[in-house]
file coords_10.pdb (PDB, C-alpha atoms)
ATOM      1  CA  MET A  23       0.000   0.000   0.000
ATOM      2  CA  ALA A  24       2.430   2.689  -1.169
ATOM      3  CA  LEU A  25       1.001   6.196  -0.824
ATOM      4  CA  ALA A  26       0.897   8.547  -3.811
ATOM      5  CA  LEU A  27       3.700  11.067  -4.048
ATOM      6  CA  GLY A  28       2.980  14.745  -3.430
ATOM      7  CA  PRO A  29       5.166  17.857  -3.347
ATOM      8  CA  ALA A  30       8.401  17.879  -1.394
ATOM      9  CA  THR A  31       8.092  19.332   2.095
ATOM     10  CA  ARG A  32      10.579  22.089   1.151
ATOM     11  CA  GLU A  33       8.162  23.187  -1.597
ATOM     12  CA  ALA A  34       5.307  23.394   0.902
ATOM     13  CA  TYR A  35       7.555  25.461   3.173
ATOM     14  CA  GLY A  36       8.219  28.016   0.418
ATOM     15  CA  GLU A  37       4.537  28.271  -0.483
ATOM     16  CA  THR A  38       3.507  28.754   3.145
ATOM     17  CA  LEU A  39       6.076  31.488   3.685
ATOM     18  CA  VAL A  40       4.423  33.523   0.927
ATOM     19  CA  GLU A  41       0.972  33.010   2.486
ATOM     20  CA  LEU A  42       2.286  34.060   5.891
ATOM     21  CA  GLY A  43       4.063  37.030   4.348
ATOM     22  CA  HIS A  44       0.678  38.504   3.431
ATOM     23  CA  GLU A  45      -0.713  37.800   6.919
ATOM     24  CA  MET A  46       2.294  38.820   9.036
ATOM     25  CA  PRO A  47       4.080  42.041   8.065
ATOM     26  CA  GLU A  48       6.659  41.369  10.781
ATOM     27  CA  LEU A  49       7.773  38.115   9.132
ATOM     28  CA  VAL A  50      11.195  38.266   7.429
ATOM     29  CA  VAL A  51      13.253  35.539   5.720
ATOM     30  CA  LEU A  52      17.013  34.988   5.666
ATOM     31  CA  ASP A  53      18.808  32.498   3.423
ATOM     32  CA  ALA A  54      22.396  31.388   2.918
ATOM     33  CA  ASP A  55      22.588  31.622  -0.878
ATOM     34  CA  LEU A  56      20.362  28.553  -1.325
ATOM     35  CA  ALA A  57      16.996  30.221  -1.974
ATOM     36  CA  LYS A  58      16.349  28.234  -5.138
ATOM     37  CA  SER A  59      16.865  24.924  -3.311
ATOM     38  CA  THR A  60      15.137  25.879  -0.051
ATOM     39  CA  TYR A  61      12.228  27.459  -1.962
ATOM     40  CA  THR A  62      12.558  30.779  -0.103
ATOM     41  CA  LYS A  63      13.025  32.260  -3.570
ATOM     42  CA  ARG A  64       9.238  32.475  -3.760
ATOM     43  CA  PHE A  65       9.158  34.720  -0.696
ATOM     44  CA  ALA A  66      12.032  36.797  -2.116
ATOM     45  CA  GLU A  67      10.051  37.406  -5.302
ATOM     46  CA  ALA A  68       6.890  38.347  -3.390
ATOM     47  CA  PHE A  69       8.517  40.430  -0.644
ATOM     48  CA  PRO A  70      11.993  41.543  -1.771
ATOM     49  CA  GLU A  71      12.194  44.201   0.958
ATOM     50  CA  ARG A  72      11.759  41.519   3.639
ATOM     51  CA  PHE A  73      14.183  38.951   2.228
ATOM     52  CA  PHE A  74      17.902  38.857   3.055
ATOM     53  CA  ASP A  75      20.418  36.682   1.199
ATOM     54  CA  MET A  76      23.232  36.498   3.731
ATOM     55  CA  GLY A  77      25.626  34.545   1.525
ATOM     56  CA  ILE A  78      27.352  31.348   2.631
ATOM     57  CA  GLN A  79      27.524  32.525   6.250
ATOM     58  CA  GLU A  80      25.136  30.462   8.346
ATOM     59  CA  ALA A  81      26.656  31.547  11.676
ATOM     60  CA  ASN A  82      26.360  35.241  10.844
ATOM     61  CA  MET A  83      22.858  34.651   9.476
ATOM     62  CA  VAL A  84      21.632  33.157  12.748
ATOM     63  CA  GLY A  85      23.185  36.003  14.742
ATOM     64  CA  VAL A  86      21.457  38.579  12.533
ATOM     65  CA  ALA A  87      18.181  36.694  12.889
ATOM     66  CA  ALA A  88      18.487  36.823  16.682
ATOM     67  CA  GLY A  89      18.902  40.600  16.472
ATOM     68  CA  LEU A  90      15.879  40.918  14.184
ATOM     69  CA  ALA A  91      13.815  38.798  16.568
ATOM     70  CA  LEU A  92      14.799  40.913  19.554
ATOM     71  CA  SER A  93      13.702  43.946  17.488
ATOM     72  CA  GLY A  94      10.191  42.533  17.058
ATOM     73  CA  LYS A  95      10.515  40.705  13.750
ATOM     74  CA  VAL A  96       9.670  37.032  13.182
ATOM     75  CA  PRO A  97      12.667  35.732  11.209
ATOM     76  CA  PHE A  98      12.649  32.430   9.326
ATOM     77  CA  VAL A  99      16.229  31.263   8.723
ATOM     78  CA  SER A 100      16.811  28.787   5.890
ATOM     79  CA  SER A 101      19.712  26.647   4.746
ATOM     80  CA  PHE A 102      20.479  22.971   4.318
ATOM     81  CA  ALA A 103      19.951  21.287   7.694
ATOM     82  CA  THR A 104      23.512  20.059   7.971
ATOM     83  CA  PHE A 105      24.977  23.483   7.169
ATOM     84  CA  VAL A 106      22.832  25.504   9.549
ATOM     85  CA  MET A 107      23.144  23.059  12.452
ATOM     86  CA  SER A 108      26.878  22.421  12.158
ATOM     87  CA  LYS A 109      28.110  25.867  11.127
ATOM     88  CA  ALA A 110      25.730  27.966  13.233
ATOM     89  CA  PHE A 111      25.372  25.897  16.381
ATOM     90  CA  ASP A 112      27.271  28.336  18.573
ATOM     91  CA  PRO A 113      25.119  31.420  17.764
ATOM     92  CA  MET A 114      22.064  29.192  17.851
ATOM     93  CA  ARG A 115      23.009  28.171  21.378
ATOM     94  CA  LEU A 116      23.987  31.553  22.775
ATOM     95  CA  ALA A 117      22.140  34.159  20.677
ATOM     96  CA  VAL A 118      18.913  32.210  20.086
ATOM     97  CA  ALA A 119      18.403  29.498  22.740
ATOM     98  CA  TYR A 120      19.924  31.318  25.715
ATOM     99  CA  SER A 121      17.955  34.495  25.023
ATOM    100  CA  GLY A 122      14.818  32.626  23.950
ATOM    101  CA  ALA A 123      14.813  34.646  20.725
ATOM    102  CA  ASN A 124      11.794  34.178  18.483
ATOM    103  CA  VAL A 125      13.803  32.679  15.596
ATOM    104  CA  LYS A 126      12.561  29.899  13.312
ATOM    105  CA  ILE A 127      15.321  27.709  11.874
ATOM    106  CA  VAL A 128      14.281  25.648   8.840
ATOM    107  CA  GLY A 129      16.755  22.956   7.813
ATOM    108  CA  SER A 130      16.167  21.737   4.283
ATOM    109  CA  HIS A 131      17.485  18.556   2.631
ATOM    110  CA  GLY A 132      17.326  16.658   5.923
ATOM    111  CA  GLY A 133      18.266  12.989   6.130
ATOM    112  CA  ILE A 134      19.878  10.639   3.616
ATOM    113  CA  SER A 135      17.043  11.040   1.096
ATOM    114  CA  ILE A 136      18.964  14.024  -0.250
ATOM    115  CA  GLY A 137      20.468  11.230  -2.345
ATOM    116  CA  GLU A 138      23.138  11.882  -4.920
ATOM    117  CA  ASP A 139      24.461  15.058  -3.250
ATOM    118  CA  GLY A 140      26.440  12.876  -0.870
ATOM    119  CA  VAL A 141      27.613  12.754   2.718
ATOM    120  CA  SER A 142      28.840  16.348   3.011
ATOM    121  CA  GLN A 143      25.273  17.598   2.518
ATOM    122  CA  MET A 144      23.385  14.836   4.344
ATOM    123  CA  SER A 145      22.010  15.783   7.725
ATOM    124  CA  ILE A 146      21.686  12.844  10.085
ATOM    125  CA  GLU A 147      22.435  14.628  13.395
ATOM    126  CA  ASP A 148      20.313  17.788  13.076
ATOM    127  CA  VAL A 149      17.389  16.649  15.232
ATOM    128  CA  ALA A 150      19.751  15.570  18.020
ATOM    129  CA  LEU A 151      21.532  18.927  17.990
ATOM    130  CA  ALA A 152      18.323  20.968  17.826
ATOM    131  CA  GLN A 153      16.503  19.191  20.610
ATOM    132  CA  ALA A 154      19.557  19.404  22.872
ATOM    133  CA  LEU A 155      19.140  23.194  22.910
ATOM    134  CA  PRO A 156      17.072  24.304  25.920
ATOM    135  CA  GLY A 157      13.792  25.934  24.946
ATOM    136  CA  PHE A 158      13.860  24.781  21.311
ATOM    137  CA  THR A 159      10.763  23.261  19.718
ATOM    138  CA  VAL A 160      11.622  20.612  17.075
ATOM    139  CA  LEU A 161       9.239  19.617  14.270
ATOM    140  CA  VAL A 162       9.710  16.957  11.558
ATOM    141  CA  PRO A 163       6.575  16.945   9.350
ATOM    142  CA  ALA A 164       5.600  13.940   7.257
ATOM    143  CA  ASP A 165       4.299  15.506   4.057
ATOM    144  CA  ALA A 166       3.425  18.762   2.336
ATOM    145  CA  GLU A 167       0.161  19.380   4.184
ATOM    146  CA  GLU A 168       1.679  18.743   7.594
ATOM    147  CA  THR A 169       4.561  21.041   6.660
ATOM    148  CA  ARG A 170       2.120  23.844   5.879
ATOM    149  CA  GLN A 171       0.493  23.375   9.267
ATOM    150  CA  ALA A 172       3.824  23.081  11.094
ATOM    151  CA  VAL A 173       5.221  26.269   9.518
ATOM    152  CA  ARG A 174       2.058  28.140  10.464
ATOM    153  CA  ALA A 175       2.231  26.811  14.017
ATOM    154  CA  ALA A 176       5.896  27.806  14.260
ATOM    155  CA  ALA A 177       5.185  31.337  13.044
ATOM    156  CA  ARG A 178       2.641  31.844  15.839
ATOM    157  CA  HIS A 179       4.672  30.024  18.506
ATOM    158  CA  PRO A 180       6.713  32.317  20.778
ATOM    159  CA  GLY A 181      10.330  31.165  20.966
ATOM    160  CA  PRO A 182      12.869  29.230  18.906
ATOM    161  CA  VAL A 183      11.721  26.467  16.578
ATOM    162  CA  PHE A 184      13.625  24.059  14.325
ATOM    163  CA  ILE A 185      11.766  22.481  11.405
ATOM    164  CA  ARG A 186      13.309  19.786   9.224
ATOM    165  CA  VAL A 187      12.094  19.555   5.615
ATOM    166  CA  GLY A 188      13.240  17.260   2.830
ATOM    167  CA  ARG A 189      14.411  17.295  -0.741
ATOM    168  CA  PRO A 190      12.437  14.496  -2.494
ATOM    169  CA  LYS A 191       8.754  14.417  -3.190
ATOM    170  CA  ALA A 192       6.921  13.139  -0.120
ATOM    171  CA  PRO A 193       4.130  10.519   0.052
ATOM    172  CA  VAL A 194       0.746  12.104   0.754
ATOM    173  CA  VAL A 195      -0.242  11.233   4.329
ATOM    174  CA  TYR A 196      -2.741  14.076   4.779
ATOM    175  CA  GLU A 197      -5.107  14.825   1.904
ATOM    176  CA  ARG A 198      -6.687  17.860   3.540
ATOM    177  CA  PRO A 199      -5.871  20.434   6.264
ATOM    178  CA  PHE A 200      -6.109  19.215   9.855
ATOM    179  CA  PRO A 201      -5.644  20.749  13.318
ATOM    180  CA  PHE A 202      -1.873  20.525  13.857
ATOM    181  CA  ARG A 203      -0.751  21.329  17.390
ATOM    182  CA  ILE A 204       2.789  21.507  18.714
ATOM    183  CA  GLY A 205       3.218  18.747  21.314
ATOM    184  CA  ARG A 206       0.416  16.587  19.927
ATOM    185  CA  ALA A 207       0.830  13.367  17.930
ATOM    186  CA  GLN A 208      -1.536  12.460  15.113
ATOM    187  CA  LEU A 209      -3.235   9.075  15.477
ATOM    188  CA  LEU A 210      -3.275   7.753  11.912
ATOM    189  CA  ARG A 211      -4.344   4.183  12.550
ATOM    190  CA  GLU A 212      -5.751   2.340  15.559
ATOM    191  CA  GLY A 213      -4.188  -0.925  16.708
ATOM    192  CA  ARG A 214      -4.032  -3.197  19.744
ATOM    193  CA  ASP A 215      -0.829  -5.285  19.418
ATOM    194  CA  ILE A 216       1.916  -2.695  18.857
ATOM    195  CA  THR A 217       2.409   1.022  18.150
ATOM    196  CA  LEU A 218       4.557   2.350  15.317
ATOM    197  CA  VAL A 219       5.867   5.857  16.119
ATOM    198  CA  ALA A 220       7.426   7.773  13.220
ATOM    199  CA  ASP A 221       8.282  11.195  11.853
ATOM    200  CA  GLY A 222       9.143  12.633   8.439
ATOM    201  CA  LEU A 223       9.246  10.270   5.485
ATOM    202  CA  MET A 224       9.067   7.278   7.824
ATOM    203  CA  VAL A 225       5.409   8.000   8.630
ATOM    204  CA  ALA A 226       4.349   6.746   5.203
ATOM    205  CA  ALA A 227       6.590   3.697   5.649
ATOM    206  CA  ALA A 228       4.972   3.029   9.039
ATOM    207  CA  LEU A 229       1.502   3.069   7.479
ATOM    208  CA  GLU A 230       2.687   0.657   4.806
ATOM    209  CA  ALA A 231       4.183  -1.606   7.480
ATOM    210  CA  ALA A 232       0.957  -1.544   9.504
ATOM    211  CA  GLU A 233      -0.967  -2.702   6.455
ATOM    212  CA  ALA A 234       1.476  -5.563   5.884
ATOM    213  CA  LEU A 235       1.326  -6.577   9.566
ATOM    214  CA  SER A 236      -2.469  -6.648   9.476
ATOM    215  CA  ARG A 237      -2.306  -9.393   6.869
ATOM    216  CA  GLU A 238      -0.396 -11.477   9.449
ATOM    217  CA  GLY A 239      -2.951 -10.818  12.170
ATOM    218  CA  ILE A 240      -0.869  -8.146  13.954
ATOM    219  CA  SER A 241      -2.868  -5.004  14.691
ATOM    220  CA  ALA A 242      -0.546  -1.963  14.635
ATOM    221  CA  ARG A 243      -1.353   1.531  15.875
ATOM    222  CA  VAL A 244       0.435   4.340  13.976
ATOM    223  CA  LEU A 245       1.396   7.661  15.553
ATOM    224  CA  ASP A 246       2.820  10.535  13.516
ATOM    225  CA  MET A 247       5.155  12.204  16.029
ATOM    226  CA  ALA A 248       6.014  15.306  13.976
ATOM    227  CA  SER A 249       6.433  17.195  17.233
ATOM    228  CA  VAL A 250       9.690  15.614  18.360
ATOM    229  CA  LYS A 251      10.056  18.224  21.074
ATOM    230  CA  PRO A 252       7.834  18.604  22.978
ATOM    231  CA  LEU A 253       6.697  14.995  22.682
ATOM    232  CA  ASP A 254       3.102  13.931  23.144
ATOM    233  CA  ARG A 255       3.828  11.965  26.308
ATOM    234  CA  GLU A 256       0.180  11.141  26.936
ATOM    235  CA  ALA A 257      -0.162   9.536  23.507
ATOM    236  CA  LEU A 258       2.973   7.487  24.219
ATOM    237  CA  ARG A 259       1.757   6.504  27.684
ATOM    238  CA  ALA A 260      -1.550   5.309  26.206
ATOM    239  CA  ALA A 261       0.237   3.470  23.388
ATOM    240  CA  ALA A 262       2.563   1.666  25.779
ATOM    241  CA  ARG A 263      -0.242   0.745  28.160
ATOM    242  CA  GLU A 264      -2.756  -0.334  25.524
ATOM    243  CA  THR A 265      -0.515  -2.053  22.939
ATOM    244  CA  GLY A 266       2.434  -3.134  25.132
ATOM    245  CA  ALA A 267       5.232  -2.621  22.587
ATOM    246  CA  LEU A 268       6.583   0.135  20.320
ATOM    247  CA  VAL A 269       8.709   0.638  17.221
ATOM    248  CA  VAL A 270      10.224   4.079  16.563
ATOM    249  CA  ALA A 271      11.203   4.905  12.955
ATOM    250  CA  GLU A 272      13.170   7.950  11.842
ATOM    251  CA  GLU A 273      15.503   9.070   9.036
ATOM    252  CA  HIS A 274      18.199  10.079  11.525
ATOM    253  CA  GLN A 275      20.991   8.700  13.625
ATOM    254  CA  ILE A 276      19.760   6.332  16.304
ATOM    255  CA  PHE A 277      21.439   8.555  18.894
ATOM    256  CA  GLY A 278      19.671  11.715  20.026
ATOM    257  CA  GLY A 279      16.668  11.731  17.711
ATOM    258  CA  LEU A 280      13.025  10.738  18.051
ATOM    259  CA  GLY A 281      13.879   7.208  19.214
ATOM    260  CA  SER A 282      16.006   8.440  22.103
ATOM    261  CA  SER A 283      13.283  10.807  23.263
ATOM    262  CA  VAL A 284      10.567   8.166  23.045
ATOM    263  CA  ALA A 285      12.768   5.691  24.942
ATOM    264  CA  VAL A 286      13.255   8.180  27.775
ATOM    265  CA  ALA A 287       9.548   8.959  27.954
ATOM    266  CA  VAL A 288       8.453   5.319  27.908
ATOM    267  CA  ALA A 289      11.084   4.305  30.473
ATOM    268  CA  GLU A 290       9.823   7.032  32.805
ATOM    269  CA  MET A 291       6.113   6.349  32.341
ATOM    270  CA  GLU A 292       5.311   2.813  31.169
ATOM    271  CA  PRO A 293       8.306   0.558  30.380
ATOM    272  CA  VAL A 294       7.592  -1.831  27.471
ATOM    273  CA  PRO A 295       9.727  -3.407  24.706
ATOM    274  CA  VAL A 296      10.844  -0.774  22.172
ATOM    275  CA  GLU A 297      12.602  -1.433  18.840
ATOM    276  CA  PHE A 298      14.269   1.200  16.666
ATOM    277  CA  VAL A 299      14.504   1.766  12.918
ATOM    278  CA  ALA A 300      17.179   4.392  12.301
ATOM    279  CA  ILE A 301      20.677   4.937  10.909
ATOM    280  CA  ARG A 302      23.051   2.777  12.940
ATOM    281  CA  ASP A 303      26.022   4.989  13.815
ATOM    282  CA  THR A 304      27.336   5.371  10.282
ATOM    283  CA  PHE A 305      27.493   7.876   7.474
ATOM    284  CA  ALA A 306      25.604   6.974   4.325
ATOM    285  CA  GLU A 307      26.843   6.964   0.745
ATOM    286  CA  SER A 308      25.860   8.901  -2.345
ATOM    287  CA  GLY A 309      23.067   7.261  -4.309
ATOM    288  CA  ARG A 310      19.456   7.435  -5.366
ATOM    289  CA  PRO A 311      17.184   8.170  -2.384
ATOM    290  CA  GLU A 312      15.213   4.921  -2.595
ATOM    291  CA  GLU A 313      18.440   2.909  -2.845
ATOM    292  CA  LEU A 314      19.892   4.609   0.234
ATOM    293  CA  LEU A 315      16.741   4.189   2.294
ATOM    294  CA  ARG A 316      16.737   0.490   1.431
ATOM    295  CA  LYS A 317      20.464  -0.012   2.093
ATOM    296  CA  TYR A 318      20.302   1.636   5.521
ATOM    297  CA  GLY A 319      17.131  -0.163   6.568
ATOM    298  CA  LEU A 320      14.691   2.748   6.492
ATOM    299  CA  THR A 321      11.807   0.903   4.846
ATOM    300  CA  ALA A 322       8.358  -0.455   5.576
ATOM    301  CA  ASP A 323       9.816  -3.977   5.548
ATOM    302  CA  ALA A 324      12.344  -2.997   8.238
ATOM    303  CA  ILE A 325       9.601  -1.471  10.390
ATOM    304  CA  ALA A 326       7.456  -4.591  10.035
ATOM    305  CA  GLU A 327      10.394  -6.817  11.008
ATOM    306  CA  ALA A 328      11.112  -4.630  14.053
ATOM    307  CA  ALA A 329       7.437  -4.873  14.996
ATOM    308  CA  ARG A 330       7.572  -8.679  14.907
ATOM    309  CA  ARG A 331      10.607  -8.613  17.226
ATOM    310  CA  ALA A 332       8.879  -6.232  19.624
ATOM    311  CA  VAL A 333       5.700  -8.323  19.721
ATOM    312  CA  THR A 334       7.757 -11.443  20.429
ATOM    313  CA  ARG A 335       9.589  -9.647  23.255
ATOM    314  CA  LYS A 336       6.265  -8.545  24.718
ATOM    315  CA  GLN A 337       4.901 -12.090  24.630
ATOM    316  CA  LEU A 338       8.060 -13.499  26.240
ATOM    317  CA  ALA A 339       7.974 -10.865  28.964
ATOM    318  CA  ARG A 340       4.359 -11.678  29.781
ATOM    319  CA  ARG A 341       5.248 -15.366  30.064
ATOM    320  CA  GLY A 342       8.039 -14.484  32.459
ATOM    321  CA  SER A 343      10.887 -15.252  30.049
ATOM    322  CA  PRO A 344      13.763 -12.771  29.413
ATOM    323  CA  ALA A 345      12.659 -10.294  26.683
TER     324      ALA A 345
END

call {"tool": "encode", "arguments": {"input": "coords_10.pdb", "output": "structure tokens"}}
result
Amino acid sequence: MALALGPATREAYGETLVELGHEMPELVVLDADLAKSTYTKRFAEAFPERFFDMGIQEANMVGVAAGLALSGKVPFVSSFATFVMSKAFDPMRLAVAYSGANVKIVGSHGGISIGEDGVSQMSIEDVALAQALPGFTVLVPADAEETRQAVRAAARHPGPVFIRVGRPKAPVVYERPFPFRIGRAQLLREGRDITLVADGLMVAAALEAAEALSREGISARVLDMASVKPLDREALRAAARETGALVVAEEHQIFGGLGSSVAVAVAEMEPVPVEFVAIRDTFAESGRPEELLRKYGLTADAIAEAARRAVTRKQLARRGSPA
């Protein structure tokens, strides 16, 4: 059950910026000479007086954005996720996080699905870095519609926000607008045997896995956890209590991303077996996106296999055997 492809999430970001530009005169956009790729070019064409191409200077760009925010503007800062998080982490920490500046950081080309551009431009640590910053909200939307809602929520949210968007076209998870709320998961499918928790492109893979598992008699709940920080702890508590096992799937390093946060929350609230589908402490290679996702185990088949392991662990634990 592969979902139909829709626009890339970076395209939805660019379109939403233009809509917000008409609604919010205080909104400004900064880019690091990548406006064509990040789709902020559309905002630049619509509002040239409110667009700033800062050149290949992510650190300076974030510092300027902090100053604009403290002057009453709502700056959206755009670059590739790996560039903005690695080159601008220090000003992000001190100028944005420490002061609680109202800056929105949008990292494009997140994950290994950037494909042929290679390791130097692949971001597999950005979510870990962003959510380590005190006071930061971190959002990883699944498709174009959720991106539109997430960007709108970020624009109205007081304080720093990081949003990860992607390069390839994204499967359509949401066919119409829905009430997106920071800190709330979206329940996409009910289930009683296990819960699949995912963000970004892995949400579509989780839905595909749930369909495959249903043919084996395994009923899988699916949660879209686009709000990585803050997490929807109540949705996780209910999932752990009612289904007894979880799989977390993300296009990110296994360390410091969605899986780590879910593991902490579940361990604190309702310990159950948890399996992880993520990049296992390695850089990826250059290649076509679908080839890379398959090679590094970020597929519906991998999620389904992890679900079978988690269900087995749950059954063993209930029988009193080591999980």

call {"tool": "closest_residue", "arguments": {"input": "coords_10.pdb", "among": "A:Ala300, A:Ala227, A:Val250, A:Val118", "to": "Val149 in chain A", "atoms": "all atoms listed in the file"}}
result
A:Val250

call {"tool": "axis_aligned_box", "arguments": {"input": "coords_10.pdb", "around": "range 204-215 of chain A", "padding_each_side": "6 Å", "output": "AutoDock Vina command-line options"}}
result
--center_x -1.3 --center_y 8.1 --center_z 16.6 --size_x 21.0 --size_y 38.8 --size_z 21.4

call {"tool": "resolve_selection", "arguments": {"input": "coords_10.pdb", "expression": "the PyMOL selection byres ((chain A and resi 182-196) around 6)", "output": "list in words"}}
result
Leu25, Ala26, Leu27, Gly28, Pro29, Ala30, Thr31, Arg32, Asn124, Val125, Lys126, Ile127, Val128, Gly129, Ser130, His131, Gly132, Ile136, Phe158, Thr159, Val160, Leu161, Val162, Asp165, Gly181, Glu197 and Arg198 of chain A

call {"tool": "closest_atom_pairs", "arguments": {"input": "coords_10.pdb", "of": "range 137-209 of chain A", "to": "range 305-316 of chain A", "cutoff": "6 Å", "atoms": "only C-alpha atoms", "output": "tab-separated table"}}
result
residue	atom	partner	partner_atom	distance
A:Gly137	CA	A:Pro311	CA	4.5
A:Glu138	CA	A:Gly309	CA	4.7
A:Gly140	CA	A:Ser308	CA	4.3

call {"tool": "closest_residue", "arguments": {"input": "coords_10.pdb", "among": "A:Ala177, A:Leu56, A:Ala172, A:Leu229", "to": "Pro97 in chain A", "atoms": "only C-alpha atoms"}}
result
A:Ala177

call {"tool": "closest_residue", "arguments": {"input": "coords_10.pdb", "among": "A:Lys63, A:Arg259, A:Arg330, A:His274", "to": "Ser236 in chain A", "atoms": "only C-alpha atoms"}}
result
A:Arg330

call {"tool": "atom_distance", "arguments": {"input": "coords_10.pdb", "atom1": "CA of Ile216 in chain A", "atom2": "CA of Pro201 in chain A"}}
result
25.2 Å

call {"tool": "closest_atom_pairs", "arguments": {"input": "coords_10.pdb", "of": "range 166-250 of chain A", "to": "range 275-298 of chain A", "cutoff": "12 Å", "atoms": "all atoms listed in the file", "output": "CSV"}}
result
residue,atom,partner,partner_atom,distance
A:Asp215,CA,A:Pro295,CA,12.0
A:Ile216,CA,A:Val296,CA,9.7
A:Thr217,CA,A:Val296,CA,9.5
A:Leu218,CA,A:Glu297,CA,9.6
A:Val219,CA,A:Val284,CA,8.7
A:Ala220,CA,A:Leu280,CA,8.0
A:Asp221,CA,A:Leu280,CA,7.8
A:Gly222,CA,A:Leu280,CA,10.5
A:Met224,CA,A:Leu280,CA,11.5
A:Leu245,CA,A:Val284,CA,11.9
A:Asp246,CA,A:Leu280,CA,11.2
A:Met247,CA,A:Leu280,CA,8.3
A:Ala248,CA,A:Leu280,CA,9.3
A:Ser249,CA,A:Leu280,CA,9.3
A:Val250,CA,A:Leu280,CA,5.9

call {"tool": "closest_residue", "arguments": {"input": "coords_10.pdb", "among": "A:Ile204, A:Glu327, A:Val269, A:Arg174", "to": "Glu45 in chain A", "atoms": "all atoms listed in the file"}}
result
A:Arg174

call {"tool": "closest_residue", "arguments": {"input": "coords_10.pdb", "among": "A:Ala24, A:Ala154, A:Ile78, A:Ile301", "to": "Ala271 in chain A", "atoms": "only C-alpha atoms"}}
result
A:Ile301

call {"tool": "closest_residue", "arguments": {"input": "coords_10.pdb", "among": "A:Met114, A:Glu67, A:Leu155, A:Phe102", "to": "Asp139 in chain A", "atoms": "only C-alpha atoms"}}
result
A:Phe102

call {"tool": "residues_around", "arguments": {"input": "coords_10.pdb", "residues": "Arg64 in chain A", "least_positions_apart": "6", "cutoff": "9 Å", "atoms": "all atoms listed in the file", "output": "list in words"}}
result
Gly36, Glu37, Leu39, Val40, Ala57 and Lys58 of chain A

call {"tool": "write_last_selection", "arguments": {"input": "coords_10.pdb", "atoms": "C-alpha atoms", "output": "CSV table (one decimal), in the coordinates of the input"}}
result
chain,number,residue,atom,x,y,z
A,36,GLY,CA,8.2,28.0,0.4
A,37,GLU,CA,4.5,28.3,-0.5
A,39,LEU,CA,6.1,31.5,3.7
A,40,VAL,CA,4.4,33.5,0.9
A,57,ALA,CA,17.0,30.2,-2.0
A,58,LYS,CA,16.3,28.2,-5.1

call {"tool": "atom_distance", "arguments": {"input": "coords_10.pdb", "atom1": "CA of Gln143 in chain A", "atom2": "CA of Thr104 in chain A"}}
result
6.2 Å

call {"tool": "atom_distance", "arguments": {"input": "coords_10.pdb", "atom1": "CA of Phe200 in chain A", "atom2": "CA of Arg255 in chain A"}}
result
20.5 Å

call {"tool": "resolve_selection", "arguments": {"input": "coords_10.pdb", "expression": "the PyMOL selection byres ((chain A and resi 234) around 12)", "output": "JSON, numbers by chain"}}
result
{"A": [23, 24, 227, 228, 229, 230, 231, 232, 233, 235, 236, 237, 238, 239, 240, 241, 242, 322, 323, 324, 325, 326, 327, 329, 330]}

call {"tool": "resolve_selection", "arguments": {"input": "coords_10.pdb", "expression": "the PyMOL selection byres ((chain A and resi 65) around 12)", "output": "CSV table (one decimal) with C-alpha atoms, in the frame of the given file"}}
result
chain,number,residue,atom,x,y,z
A,33,GLU,CA,8.2,23.2,-1.6
A,35,TYR,CA,7.6,25.5,3.2
A,36,GLY,CA,8.2,28.0,0.4
A,37,GLU,CA,4.5,28.3,-0.5
A,38,THR,CA,3.5,28.8,3.1
A,39,LEU,CA,6.1,31.5,3.7
A,40,VAL,CA,4.4,33.5,0.9
A,41,GLU,CA,1.0,33.0,2.5
A,42,LEU,CA,2.3,34.1,5.9
A,43,GLY,CA,4.1,37.0,4.3
A,44,HIS,CA,0.7,38.5,3.4
A,49,LEU,CA,7.8,38.1,9.1
A,50,VAL,CA,11.2,38.3,7.4
A,51,VAL,CA,13.3,35.5,5.7
A,52,LEU,CA,17.0,35.0,5.7
A,53,ASP,CA,18.8,32.5,3.4
A,57,ALA,CA,17.0,30.2,-2.0
A,58,LYS,CA,16.3,28.2,-5.1
A,60,THR,CA,15.1,25.9,-0.1
A,61,TYR,CA,12.2,27.5,-2.0
A,62,THR,CA,12.6,30.8,-0.1
A,63,LYS,CA,13.0,32.3,-3.6
A,64,ARG,CA,9.2,32.5,-3.8
A,66,ALA,CA,12.0,36.8,-2.1
A,67,GLU,CA,10.1,37.4,-5.3
A,68,ALA,CA,6.9,38.3,-3.4
A,69,PHE,CA,8.5,40.4,-0.6
A,70,PRO,CA,12.0,41.5,-1.8
A,71,GLU,CA,12.2,44.2,1.0
A,72,ARG,CA,11.8,41.5,3.6
A,73,PHE,CA,14.2,39.0,2.2
A,74,PHE,CA,17.9,38.9,3.1
A,75,ASP,CA,20.4,36.7,1.2
A,98,PHE,CA,12.6,32.4,9.3
A,100,SER,CA,16.8,28.8,5.9
